[in-house]
Every structure is written in structure tokens, then in C-alpha cells.
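What follows is the content of start27.cif (mmCIF, C-alpha atoms (C1' of nucleotides)).
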```
data_my_file
loop_
_atom_site.label_atom_id
_atom_site.label_comp_id
_atom_site.auth_asym_id
_atom_site.auth_seq_id
_atom_site.Cartn_x
_atom_site.Cartn_y
_atom_site.Cartn_z
CA MET F 1 -31.33 -11.37 -11.45
CA SER F 2 -32.49 -13.54 -14.33
CA GLY F 3 -35.78 -15.32 -14.02
CA CYS F 4 -35.27 -15.47 -17.72
CA GLY F 5 -37.91 -17.30 -19.76
CA HIS F 6 -35.27 -19.18 -21.68
CA GLU F 7 -33.70 -20.61 -18.54
CA GLN F 8 -33.06 -23.97 -20.14
CA GLU F 9 -31.36 -22.64 -23.27
CA HIS F 10 -29.68 -19.59 -21.77
CA ALA F 11 -28.41 -21.26 -18.63
CA LEU F 12 -26.15 -23.51 -20.68
CA THR F 13 -24.99 -20.60 -22.79
CA ALA F 14 -24.30 -18.53 -19.70
CA ARG F 15 -22.26 -21.28 -18.11
CA SER F 16 -20.36 -21.81 -21.32
CA ALA F 17 -19.73 -18.06 -21.53
CA ARG F 18 -18.26 -18.00 -18.03
CA GLU F 19 -16.12 -21.05 -18.69
CA ASN F 20 -14.78 -19.80 -22.00
CA MET F 21 -14.22 -16.21 -20.93
CA PRO F 22 -10.62 -15.32 -21.70
CA GLY F 23 -8.51 -14.01 -18.82
CA GLU F 24 -8.04 -10.34 -18.02
CA GLU F 25 -4.66 -10.24 -19.65
CA GLU F 26 -5.85 -11.60 -22.97
CA VAL F 27 -8.83 -9.29 -22.97
CA ALA F 28 -6.48 -6.39 -22.29
CA ARG F 29 -4.29 -7.31 -25.24
CA VAL F 30 -7.21 -7.50 -27.64
CA SER F 31 -8.53 -4.25 -26.21
CA ALA F 32 -5.19 -2.51 -26.75
CA LEU F 33 -5.10 -3.69 -30.34
CA PHE F 34 -8.56 -2.34 -31.19
CA LYS F 35 -7.94 0.88 -29.29
CA ALA F 36 -4.81 1.41 -31.31
CA ILE F 37 -6.73 1.24 -34.58
CA SER F 38 -9.85 3.04 -33.42
CA GLU F 39 -8.85 6.68 -33.50
CA PRO F 40 -9.65 8.46 -36.79
CA ALA F 41 -6.16 9.92 -36.99
CA ARG F 42 -4.58 6.49 -36.60
CA LEU F 43 -6.99 4.85 -39.01
CA LYS F 44 -5.95 7.35 -41.64
CA ILE F 45 -2.34 6.40 -41.08
CA LEU F 46 -3.25 2.75 -41.57
CA PHE F 47 -5.13 3.53 -44.76
CA ALA F 48 -2.06 5.40 -45.97
CA LEU F 49 0.35 2.60 -45.08
CA ARG F 50 -1.87 0.14 -46.89
CA GLN F 51 -0.37 1.63 -50.07
CA GLY F 52 3.14 0.78 -48.90
CA GLU F 53 6.02 1.99 -46.77
CA LEU F 54 6.13 5.69 -45.99
CA CYS F 55 8.41 7.94 -43.99
CA VAL F 56 6.97 10.20 -41.33
CA GLY F 57 7.06 13.33 -43.47
CA HIS F 58 5.03 11.66 -46.19
CA ILE F 59 2.57 10.30 -43.65
CA VAL F 60 2.05 13.81 -42.35
CA GLU F 61 1.39 14.96 -45.92
CA ALA F 62 -1.03 12.12 -46.53
CA VAL F 63 -3.12 12.36 -43.39
CA GLY F 64 -2.74 15.96 -42.23
CA GLY F 65 -2.19 17.09 -38.67
CA THR F 66 1.03 18.12 -37.01
CA GLN F 67 4.32 16.24 -37.10
CA SER F 68 4.19 15.83 -33.35
CA ALA F 69 0.72 14.34 -33.27
CA VAL F 70 1.54 11.91 -36.07
CA SER F 71 4.70 10.86 -34.29
CA HIS F 72 2.78 10.17 -31.06
CA GLN F 73 0.24 8.13 -32.99
CA LEU F 74 2.95 6.12 -34.72
CA ARG F 75 4.51 5.37 -31.36
CA ILE F 76 1.19 4.01 -30.06
CA MET F 77 0.68 1.80 -33.10
CA LYS F 78 4.25 0.58 -32.97
CA ALA F 79 3.84 -0.34 -29.30
CA ALA F 80 0.66 -2.22 -30.22
CA GLY F 81 2.54 -4.20 -32.87
CA ILE F 82 0.55 -2.74 -35.73
CA VAL F 83 3.30 -0.93 -37.58
CA LYS F 84 7.04 -1.35 -37.72
CA ALA F 85 9.73 1.27 -38.17
CA ARG F 86 12.97 1.22 -40.07
CA ARG F 87 15.48 4.02 -39.97
CA ASP F 88 16.61 5.21 -43.37
CA GLY F 89 19.18 7.96 -43.01
CA GLN F 90 17.52 11.03 -41.60
CA ASN F 91 14.11 9.52 -42.07
CA VAL F 92 12.19 6.73 -40.43
CA ALA F 93 10.08 4.62 -42.74
CA TYR F 94 6.97 3.00 -41.34
CA SER F 95 5.04 0.04 -42.68
CA LEU F 96 2.33 -2.33 -41.54
CA ALA F 97 3.60 -5.03 -39.20
CA ASP F 98 1.74 -7.82 -40.95
CA SER F 99 -1.15 -8.59 -43.26
CA HIS F 100 -3.62 -9.32 -40.46
CA VAL F 101 -4.09 -5.61 -39.85
CA VAL F 102 -5.30 -4.93 -43.36
CA ALA F 103 -7.46 -8.04 -43.19
CA VAL F 104 -9.11 -6.78 -40.00
CA LEU F 105 -9.66 -3.39 -41.60
CA GLU F 106 -11.21 -4.89 -44.69
CA LEU F 107 -13.44 -7.20 -42.69
CA ALA F 108 -14.65 -4.21 -40.70
CA CYS F 109 -15.43 -2.39 -43.91
CA THR F 110 -17.35 -5.41 -45.16
CA HIS F 111 -19.36 -5.35 -41.96
CA LEU F 112 -20.13 -1.67 -42.53
CA HIS F 113 -21.02 -2.27 -46.18
CA CYS F 114 -18.51 0.28 -47.33
CA LYS F 115 -16.24 -0.09 -50.34
CA ILE F 116 -12.87 1.02 -49.10
CA MET I 1 9.13 18.42 -45.01
CA SER I 2 10.41 15.18 -46.52
CA GLY I 3 13.69 15.25 -48.33
CA CYS I 4 13.21 11.54 -47.98
CA GLY I 5 15.88 9.30 -49.53
CA HIS I 6 13.28 7.16 -51.16
CA GLU I 7 11.69 10.09 -53.01
CA GLN I 8 11.07 8.07 -56.14
CA GLU I 9 9.39 5.11 -54.45
CA HIS I 10 7.69 6.95 -51.60
CA ALA I 11 6.44 9.86 -53.65
CA LEU I 12 4.20 7.53 -55.64
CA THR I 13 3.01 5.78 -52.50
CA ALA I 14 2.29 9.10 -50.82
CA ARG I 15 0.27 10.33 -53.78
CA SER I 16 -1.61 7.07 -53.92
CA ALA I 17 -2.28 7.31 -50.17
CA ARG I 18 -3.74 10.78 -50.56
CA GLU I 19 -5.86 9.74 -53.52
CA ASN I 20 -7.20 6.60 -51.87
CA MET I 21 -7.78 8.12 -48.45
CA PRO I 22 -11.39 7.46 -47.48
CA GLY I 23 -13.53 10.48 -46.57
CA GLU I 24 -14.01 11.73 -43.03
CA GLU I 25 -17.39 10.08 -42.75
CA GLU I 26 -16.17 6.62 -43.68
CA VAL I 27 -13.20 6.94 -41.37
CA ALA I 28 -15.57 7.95 -38.58
CA ARG I 29 -17.74 4.90 -39.14
CA VAL I 30 -14.81 2.51 -39.00
CA SER I 31 -13.52 4.34 -35.96
CA ALA I 32 -16.86 4.01 -34.19
CA LEU I 33 -16.93 0.29 -34.91
CA PHE I 34 -13.48 -0.36 -33.46
CA LYS I 35 -14.15 1.92 -30.50
CA ALA I 36 -17.26 -0.05 -29.73
CA ILE I 37 -15.32 -3.29 -29.52
CA SER I 38 -12.20 -1.91 -27.87
CA GLU I 39 -13.25 -1.56 -24.21
CA PRO I 40 -12.42 -4.59 -22.05
CA ALA I 41 -15.93 -4.62 -20.58
CA ARG I 42 -17.49 -4.68 -24.04
CA LEU I 43 -15.05 -7.25 -25.36
CA LYS I 44 -16.09 -9.55 -22.55
CA ILE I 45 -19.71 -9.15 -23.58
CA LEU I 46 -18.77 -10.08 -27.13
CA PHE I 47 -16.87 -13.13 -25.96
CA ALA I 48 -19.94 -14.14 -23.97
CA LEU I 49 -22.35 -13.62 -26.87
CA ARG I 50 -20.09 -15.70 -29.07
CA GLN I 51 -21.58 -18.68 -27.21
CA GLY I 52 -25.08 -17.65 -28.21
CA GLU I 53 -27.99 -15.41 -27.32
CA LEU I 54 -28.12 -14.16 -23.72
CA CYS I 55 -30.46 -11.92 -21.75
CA VAL I 56 -29.04 -9.00 -19.82
CA GLY I 57 -29.13 -10.73 -16.46
CA HIS I 58 -27.10 -13.61 -17.77
CA ILE I 59 -24.63 -11.25 -19.42
CA VAL I 60 -24.14 -9.51 -16.10
CA GLU I 61 -23.45 -12.89 -14.50
CA ALA I 62 -21.03 -13.86 -17.24
CA VAL I 63 -18.95 -10.69 -17.39
CA GLY I 64 -19.36 -9.10 -13.99
CA GLY I 65 -19.93 -5.41 -13.29
CA THR I 66 -23.18 -3.66 -12.51
CA GLN I 67 -26.46 -4.01 -14.38
CA SER I 68 -26.34 -0.33 -15.25
CA ALA I 69 -22.86 -0.43 -16.70
CA VAL I 70 -23.65 -3.51 -18.78
CA SER I 71 -26.81 -1.89 -20.05
CA HIS I 72 -24.94 1.23 -21.12
CA GLN I 73 -22.35 -0.90 -22.89
CA LEU I 74 -25.03 -2.90 -24.69
CA ARG I 75 -26.61 0.33 -25.87
CA ILE I 76 -23.31 1.47 -27.35
CA MET I 77 -22.76 -1.81 -29.16
CA LYS I 78 -26.32 -1.87 -30.42
CA ALA I 79 -25.92 1.66 -31.78
CA ALA I 80 -22.72 0.55 -33.50
CA GLY I 81 -24.56 -2.35 -35.16
CA ILE I 82 -22.55 -4.99 -33.35
CA VAL I 83 -25.31 -6.62 -31.35
CA LYS I 84 -29.04 -6.85 -31.76
CA ALA I 85 -31.75 -6.98 -29.13
CA ARG I 86 -34.99 -8.91 -28.95
CA ARG I 87 -37.52 -8.49 -26.19
CA ASP I 88 -38.65 -11.72 -24.62
CA GLY I 89 -41.22 -11.05 -21.94
CA GLN I 90 -39.60 -9.25 -19.06
CA ASN I 91 -36.17 -9.89 -20.47
CA VAL I 92 -34.24 -8.58 -23.43
CA ALA I 93 -32.10 -11.11 -25.23
CA TYR I 94 -28.98 -9.89 -26.99
CA SER I 95 -27.04 -11.59 -29.74
CA LEU I 96 -24.30 -10.74 -32.22
CA ALA I 97 -25.57 -8.75 -35.19
CA ASP I 98 -23.68 -10.81 -37.74
CA SER I 99 -20.77 -13.17 -38.18
CA HIS I 100 -18.32 -10.48 -39.26
CA VAL I 101 -17.88 -9.39 -35.65
CA VAL I 102 -16.65 -12.79 -34.52
CA ALA I 103 -14.47 -13.00 -37.62
CA VAL I 104 -12.85 -9.66 -36.77
CA LEU I 105 -12.30 -10.84 -33.19
CA GLU I 106 -10.73 -14.08 -34.29
CA LEU I 107 -8.51 -12.37 -36.83
CA ALA I 108 -7.32 -10.01 -34.10
CA CYS I 109 -6.53 -12.98 -31.89
CA THR I 110 -4.59 -14.56 -34.72
CA HIS I 111 -2.59 -11.36 -35.05
CA LEU I 112 -1.83 -11.47 -31.32
CA HIS I 113 -0.93 -15.16 -31.47
CA CYS I 114 -3.46 -16.00 -28.80
CA LYS I 115 -5.72 -19.03 -28.81
CA ILE I 116 -9.10 -17.68 -27.83
"C1'" DT H 1 -54.50 -1.95 -10.10
"C1'" DC H 2 -50.49 -3.01 -7.34
"C1'" DA H 3 -46.21 -5.22 -6.42
"C1'" DA H 4 -42.26 -7.34 -8.18
"C1'" DT H 5 -38.73 -8.11 -11.62
"C1'" DA H 6 -35.86 -6.84 -15.68
"C1'" DT H 7 -33.91 -3.39 -18.26
"C1'" DA H 8 -32.87 1.38 -19.63
"C1'" DT H 9 -31.38 6.05 -19.10
"C1'" DG H 10 -30.05 11.07 -17.62
"C1'" DA H 11 -26.82 13.54 -15.14
"C1'" DA H 12 -22.64 13.91 -12.51
"C1'" DT H 13 -18.23 12.51 -11.66
"C1'" DA H 14 -14.22 9.88 -12.49
"C1'" DA H 15 -10.98 7.97 -15.56
"C1'" DG H 16 -8.64 7.77 -19.73
"C1'" DT H 17 -6.74 9.64 -23.98
"C1'" DA H 18 -5.34 12.98 -27.60
"C1'" DT H 19 -3.20 17.20 -28.88
"C1'" DT H 20 -0.21 20.91 -28.29
"C1'" DC H 21 4.01 23.19 -27.20
"C1'" DA H 22 8.59 23.31 -26.28
"C1'" DT H 23 12.49 20.90 -26.71
"C1'" DA H 24 15.43 16.79 -27.28
"C1'" DT H 25 17.68 13.31 -30.18
"C1'" DG H 26 19.68 11.51 -34.29
"C1'" DA H 27 21.59 11.97 -38.96
"C1'" DT H 28 23.68 14.39 -42.82
"C1'" DA H 29 26.27 17.73 -45.33
"C1'" DA H 30 29.17 21.67 -45.42
"C1'" DT O 1 32.16 20.93 -35.51
"C1'" DT O 2 28.29 23.45 -36.78
"C1'" DA O 3 24.05 24.13 -39.14
"C1'" DT O 4 20.11 21.90 -40.77
"C1'" DC O 5 16.59 18.62 -41.41
"C1'" DA O 6 13.72 14.67 -39.71
"C1'" DT O 7 11.76 12.53 -35.97
"C1'" DA O 8 10.71 11.72 -31.05
"C1'" DT O 9 9.16 12.84 -26.48
"C1'" DG O 10 7.75 14.90 -21.69
"C1'" DA O 11 4.47 17.62 -19.60
"C1'" DA O 12 0.30 20.33 -19.57
"C1'" DT O 13 -4.12 21.00 -21.15
"C1'" DA O 14 -8.21 19.88 -23.55
"C1'" DC O 15 -11.22 16.41 -24.79
"C1'" DT O 16 -13.65 12.13 -24.80
"C1'" DT O 17 -15.54 8.26 -22.63
"C1'" DA O 18 -16.83 5.12 -18.78
"C1'" DT O 19 -18.99 4.36 -14.44
"C1'" DT O 20 -22.00 5.39 -10.80
"C1'" DC O 21 -26.27 6.67 -8.66
"C1'" DA O 22 -30.87 7.53 -8.72
"C1'" DT O 23 -34.75 6.80 -11.06
"C1'" DA O 24 -37.68 5.71 -15.12
"C1'" DT O 25 -39.93 2.37 -18.19
"C1'" DA O 26 -41.78 -2.09 -19.45
"C1'" DT O 27 -43.64 -6.62 -18.49
"C1'" DT O 28 -45.79 -10.07 -15.74
"C1'" DG O 29 -48.50 -12.19 -12.08
"C1'" DA O 30 -51.52 -11.64 -8.12
#
```
As C-alpha cells, please, write out the structure in this file.
Amino acid sequence: MSGCGHEQEHALTARSARENMPGEEEVARVSALFKAISEPARLKILFALRQGELCVGHIVEAVGGTQSAVSHQLRIMKAAGIVKARRDGQNVAYSLADSHVVAVLELACTHLHCKI
Amino acid sequence: MSGCGHEQEHALTARSARENMPGEEEVARVSALFKAISEPARLKILFALRQGELCVGHIVEAVGGTQSAVSHQLRIMKAAGIVKARRDGQNVAYSLADSHVVAVLELACTHLHCKI
DNA sequence: TCAATATATGAATAAGTATTCATATGATAA
DNA sequence: TTATCATATGAATACTTATTCATATATTGA
């Protein structure tokens, strides 16, 4: 396996990595969160909602695609705790669940050296 | 489409969303980044590398799975600019490309109210 | 050079996920 | 209540992505 030249240094790191490895359930939750914001179509919805609350019809206008697809995507992000919904008469208005989402987005953009 | 009750407020937001929507290419880059860190197997590798540089053999020990699968996952994360590789004799040592990655991870955990 | 070890990779299959289509639900106004 | 508009959803298909298996490459020591 690892007759690694840095046995001394790496062995400690490896042991520490095993000991500090989060459990399957926590890993799954983090995974679900990133999956929910990793599809281009959903990212566009997030970028739109960054400007403020929007009802589904306006989201469809802003990001393109069909009403059905957008609705499915909103459901996934709502289940992941990324957006929240509020019924408003015939419409349903969506908004970002909290500020962490935008912060994660902006940090990612910083990493990519892009000026979104 | 949207005879939305909040026409006045939402119309401005919707226009702003359209105007500030990043281009396809930028969306794709952000998407690729989040995809790269969204698989449980890859997340585990990131959690391991958070402790410091590790060669492939040690990563396999820390996260489980086959050598081949881990190698494929490392390739994906390297292509996404998340980890970097350094040959060290027979081994290849991997480490996190920069601190933004850990920051994104930790922010995500904050969002999920988990104490990783 | 040969054998041994560590890592990488192409191709196939398996698994997972998005999109579409048809239709259902919920709300309003007539 | 009925017609209409906005949104949601189940099921099927299409698409994308991960994992496996076999094997290739690279490095070191004998």
C-alpha cells in the first residue's frame, strides 16, 4: 500500500484523517447540499434569487427552461434547505433560505477568480 | 405567465436577475466546482486532506474504496483546481489547492448546523 | 535490466439524475 | 360552480457520472 517516503509526517496525518473523518450521515448531508447547488439550471435560479424574492413565473423568465423543469429544481433546492417558499395568492414566491448560501456562492467565485 | 400579485416589486427584481445573470461559461465553471466537491467519496478525500498533505495510498486508507476509484476521483478534483499533486519518488502526494476550499466546506457545515 | 511498488487510465457497465410530458392541485374571479 | 391561471408532481426516457476491471506508466532497488 504505502511505503511512502514521508512515513513519519504522513502517518500522523493519515491517522488524524481517519480519526476526524465525519460519519456517513454528515458526509451525505454536505453532499446533498453541494449537489443541490451544482446543476447549472439550479445555479441560475440561485443567481436570480440573489436579487430578491421571485415567484415561479418570474424565475422561469429569468433563467429560461420550462415551467415544469424549474418547478422540479425548486423542489430539490427546497428539500435541501437552500430556498424557502411562501404562497402568495395564485403564486408561490421563492427566496433564499439564509445568507450562507450566497456566501458559499461568492466564496466559490473568489476561488475561481471570477467577478460575479 | 406571471400575473403575479407583487408585479411592482418582483418586476424590478426579475429584470435585475436577467441583467445580472452570469454567462453560460461562468455558470458552468461554478457548476463544475460544486460537482467536484459534491460526491460523498470526494468529500471524504477533502476532509482527509484538510489534515494535511497525503499520498494516494494513505488517502485510500483514510477514506476506503479501491485505489482505482480514489485515483479517478483525485483526477477529477485536480482538473477542477481543488487539489494539487506533487510527485515524491514512487508516490504522489496530494494537498488542497488553496484555503478557499476548506472555507467553502466550513461555511456549508455552518449552514447545515453541523460541527465538523 | 528485471522485479516490485505506487499510481493512473481507457473502456464497459452500473448507478444516479435531469428533463419531458401529461396531468393534478390550488387559488381567483366571473 | 365553472373557467382560468399558477404551480406541482408521477412516470418514462434521456443523459450524465461513478465504479469496476484490466492494464499501462513511472519510480526505485537489486
Selected by the PyMOL selection byres ((chain F) within 7 of (chain I)) in the shown coordinates: which residues, as an NGL selection string?
-> :F and (1-2 or 4 or 10 or 13-14 or 16-18 or 21-22 or 27-28 or 30-31 or 34-35 or 38-40 or 43 or 47-48 or 51-52 or 54 or 57-58 or 62 or 91 or 100 or 104 or 107-109 or 111 or 116)
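Closest approach to chain H from the set F:Lys78, F:Lys84, F:His72, F:His113 is made by F:His72, with distances taken over only C-alpha atoms (C1' of nucleotides).
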Tell me which residues the PyMOL selection byres ((chain O) within 12 of (chain I)) grabs here, as a PDB file with C-alpha atoms (C1' of nucleotides), keeping the file's coordinate frame.
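Written out: part18.pdb:
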```pdb
ATOM      1  C1'  DT O   4      20.110  21.900 -40.770  1.00  0.00           C
ATOM      2  C1'  DC O   5      16.590  18.620 -41.410  1.00  0.00           C
ATOM      3  C1'  DA O   6      13.720  14.670 -39.710  1.00  0.00           C
ATOM      4  C1'  DT O   7      11.760  12.530 -35.970  1.00  0.00           C
ATOM      5  C1'  DT O  16     -13.650  12.130 -24.800  1.00  0.00           C
ATOM      6  C1'  DT O  17     -15.540   8.260 -22.630  1.00  0.00           C
ATOM      7  C1'  DA O  18     -16.830   5.120 -18.780  1.00  0.00           C
ATOM      8  C1'  DT O  19     -18.990   4.360 -14.440  1.00  0.00           C
ATOM      9  C1'  DT O  20     -22.000   5.390 -10.800  1.00  0.00           C
ATOM     10  C1'  DC O  21     -26.270   6.670  -8.660  1.00  0.00           C
ATOM     11  C1'  DA O  22     -30.870   7.530  -8.720  1.00  0.00           C
ATOM     12  C1'  DT O  23     -34.750   6.800 -11.060  1.00  0.00           C
ATOM     13  C1'  DT O  25     -39.930   2.370 -18.190  1.00  0.00           C
ATOM     14  C1'  DA O  26     -41.780  -2.090 -19.450  1.00  0.00           C
ATOM     15  C1'  DT O  27     -43.640  -6.620 -18.490  1.00  0.00           C
ATOM     16  C1'  DT O  28     -45.790 -10.070 -15.740  1.00  0.00           C
ATOM     17  C1'  DG O  29     -48.500 -12.190 -12.080  1.00  0.00           C
TER      18       DG O  29
END
```
Decode the PyMOL selection byres ((chain H) within 12 of (chain F)) for the given file into explicit residues and return them as a list in words.
-> DA4, DT5, DA6, DT7, DG16, DT17, DA18, DT19, DT20, DC21, DA22, DT23, DT25, DG26, DA27, DT28 and DA29 of chain H
Between atom C1' of H:DA3 and atom C1' of O:DA24, what is the distance, to one decimal in Å?
-> 16.4 Å
Do you have the atom CA of I:Met77-atom CA of I:Tyr94 distance handy?
->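 Spanning atom CA of I:Met77 to atom CA of I:Tyr94 is a straight-line distance of 10.4 Å.
Of note, atom C1' of H:DT9 and atom CA of I:Ser71 are spaced 9.2 Å apart.
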Draw an axis-aligned box over all listed atoms of stretch 78-90 of chain I, pad each side with 8 Å, and write its centre and edge lengths in Å, one decimal, as JSON.
```
{"center_x": -31.9, "center_y": -5.0, "center_z": -27.1, "size_x": 34.7, "size_y": 29.4, "size_z": 32.1}
```
